[in-house]
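A quick write-up on the structure given underneath.
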Amino acid sequence: MNIPVITVEPSEPHTHTVVFLHGRGDNMRRFAASLADSRDSRGRSLINAFPSFRWVFPQAPMRKCASIPETWPQWFDVWDVRDFAVNEDLQAVGLKEVVPAIRSILADEAALLGGRWERVVLAGISMGGATAAHILFNLDIPQAAGGRLGAFIGFSCRCPFAGRSLAGMRNVLGLEGAPDHGRIIQNTPVLLEHCADDPLVLVQGGRGLRDTLRGFGAQVEWKEYPSGGHWFHSPTGIDDVVDFLNKHLKEERSTDIPRALHQSSSSAMDLS
C-alpha cells in the first residue's frame, strides 16, 4: 500500500523527525495545520518549539465503513465506536495494510538521519495513536541502528485487541518482519496523554493502552487532564510534550545529517 505524506521541513539543520498519524475522518493537511492551534505556555506550537525537527504527516486511506453506508479516511474500520470490542477482527483488516506501509515511512526517515532510528519519533492521535501502537508492537530495529525509536507519543488513543500478550498482538496481524522480542517497546520512551472528558475514546481506553504497554515492559509517562475533550490539552499538555521530548531526545545539532527536501502530497479530505 502506498501512503502519501506531506512534510513540514525544519528551519534549522535537521536533527530529528516526527511521523504523526491523524485521527479517523481527518486528513493530513487539515491535521498538520491544526497543530498550530494547540500551543504551550510560551505560545509555541510543537513545530515552533522544535525548529530542527522534520514533521511527516501520512494520509489514511479511504475505506468503506462496514456498519454504516459511508466512506471515510481511516487507518482501519471499526464496527461500533461505543464498544470497540464488537466485531473486533474487522480492525485487523486495515491494520494489516497500513502497519507495513508506515514502517516503510519510518525506515525512510531513519535513512535521512543517517540510519539513526533513535532520532525518529512516532506519534498519533485517536485512531492514529491506536494504529501507531500496533506499528510499535510490530517494529524491529537492529541494535546497530539504535535498537529503538526516539520516542512514542499517543494522544486520546486506545489499544485495539487489548488483553492479549505481545505475541498475541503480533499474531492478530501476522505480519512479516515482526520481531520475536520486546526490546524496541522496552527501550523506546513513551508518553500518553488523555483528557478525562474525552467523549469519543473514553479515558479508560487510554488507561488500558498505558497498562498494556507497561505490561510489555515499556516505560510509560501517563498524563491525564480534567478537560480538553478528544484533542490535545493546551497549554499544559503541549508543555508536557515539549518537556518529554527535551528530556529524551538529544538536542545537539548535527551537521552530518542531510536536510530532507522531499515532499509528496495528496488531495485533502473533509473532516467528518
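Residue numbers start at 1 in each chain; chains themselves are named A, B, ... in the order of the C-alpha cells; ligands are numbered from 1 in the order shown.
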Practice prompt. From stretch 68-220 of chain A, collect each residue whose DSSP state is helix (DSSP H, G or I) and return the set as a PyMOL selection string.
Written response: chain A and resi 89-112+117-119+127-137+143-145+166-173+183-187+203-215
Discussion item. Give me the residues near A:Leu122 as a PyMOL selection string, where near means some atom within 7 Å (using only C-alpha atoms) and where sequence neighbours in that chain fewer than 5 positions away do not count.
Written reply: chain A and resi 18-20+132+151-153
Item to complete: Just the residues within 9 Å of stretch 242-249 of chain A, please, counting only C-alpha atoms, with nothing from its chain fewer than 2 positions along; format it as a list in words.
Response: His16, Asp40, Leu46, Ala49, Phe50, Glu118, Arg119, Gly150, Ala151, Pro189, Val190, Leu191, Glu221, Gly237, Ile238, Asp239, Asp240 and Glu251 of chain A
Atoms to include: C-alpha atoms. Write the selected residues as a compact mmCIF listing (two decimals), in the first residue's frame.
```txt
# COMPACT_ATOMS: atom_id res chain seq x y z
CA HIS A 16 15.06 14.58 14.31
CA ASP A 40 2.40 25.63 25.06
CA LEU A 46 5.06 21.85 18.70
CA ALA A 49 9.18 24.52 19.71
CA PHE A 50 11.45 22.17 17.72
CA GLU A 118 16.73 6.88 17.87
CA ARG A 119 16.15 10.28 16.23
CA GLY A 150 13.47 8.26 19.82
CA ALA A 151 10.01 8.28 21.40
CA PRO A 189 10.34 6.26 25.82
CA VAL A 190 6.53 6.53 25.78
CA LEU A 191 4.25 9.47 26.57
CA GLU A 221 4.67 8.53 31.24
CA GLY A 237 -0.44 19.04 27.56
CA ILE A 238 1.75 20.74 24.98
CA ASP A 239 4.15 21.80 27.75
CA ASP A 240 4.32 18.16 28.78
CA GLU A 251 19.28 18.37 21.50
```
Item to complete: Could you give me, as a list in words, the residues within 9 Å of A:Ile125, counting only C-alpha atoms and dropping anything in the same chain fewer than 6 positions from it?
Response: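 So the residues in contact are Phe20, Leu21, His22, Gly23, Ala132, Ile153, Gly154, Phe155, Ser156, Cys157, Trp231 and Phe232 of chain A.
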Keeping only C-alpha atoms, write the selected residues as a CSV table (one decimal), in the first residue's frame.
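What follows is the written file selection11.csv:
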```csv
chain,number,residue,atom,x,y,z
A,20,PHE,CA,2.5,11.9,13.2
A,21,LEU,CA,-0.7,9.9,12.3
A,22,HIS,CA,-4.1,11.8,12.3
A,23,GLY,CA,-7.4,10.5,13.6
A,132,ALA,CA,0.9,3.7,15.9
A,153,ILE,CA,3.6,9.7,21.8
A,154,GLY,CA,-0.1,8.9,21.8
A,155,PHE,CA,-3.0,11.3,22.3
A,156,SER,CA,-6.6,10.4,23.1
A,157,CYS,CA,-6.0,6.8,21.9
A,231,TRP,CA,-8.0,16.5,21.4
A,232,PHE,CA,-4.7,18.0,22.8
```
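Minimum atom-to-atom distance to A:Tyr225, evaluated using only C-alpha atoms, belongs to A:Asp198 out of A:Asp140, A:Glu97, A:Asp198, A:Glu70.
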Practice prompt. Using only C-alpha atoms, find the one residue out of A:Asp89, A:Glu12, A:Asp26, A:Glu176 that sits nearest to A:Gln74.
Written response: A:Asp26
Item to complete: Go through A:Gly205, A:Lys223, A:Asp211, A:Ala107 and flag the residue nearest A:Arg82, using only C-alpha atoms for the distances.
Response: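 Comparing A:Gly205, A:Lys223, A:Asp211, A:Ala107 against A:Arg82, the winner is A:Gly205.
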Practice prompt. For atom CA of A:Asn187 and atom CA of A:Arg148, quote the distance in Å rounded to one decimal.
Written response: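 Separating atom CA of A:Asn187 from atom CA of A:Arg148 is a distance of 5.9 Å.
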Fill in: Distance criterion (only C-alpha atoms): nearest to A:Arg24 out of A:Ser11, A:Ser126, A:Ser45, A:Gln219
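Distance minimum relative to A:Arg24 lands on A:Ser126.
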Worksheet item: Which one is closest to A:Thr71: A:Gly25, A:Pro13, A:Gly115, A:Gly147? Count only C-alpha atoms.
Response: A:Gly25
Worksheet entry | Selected residue of minimal separation from A:Phe53 among A:Ile185, A:Val121, A:Leu149, A:Val172, counting only C-alpha atoms | A:Val121
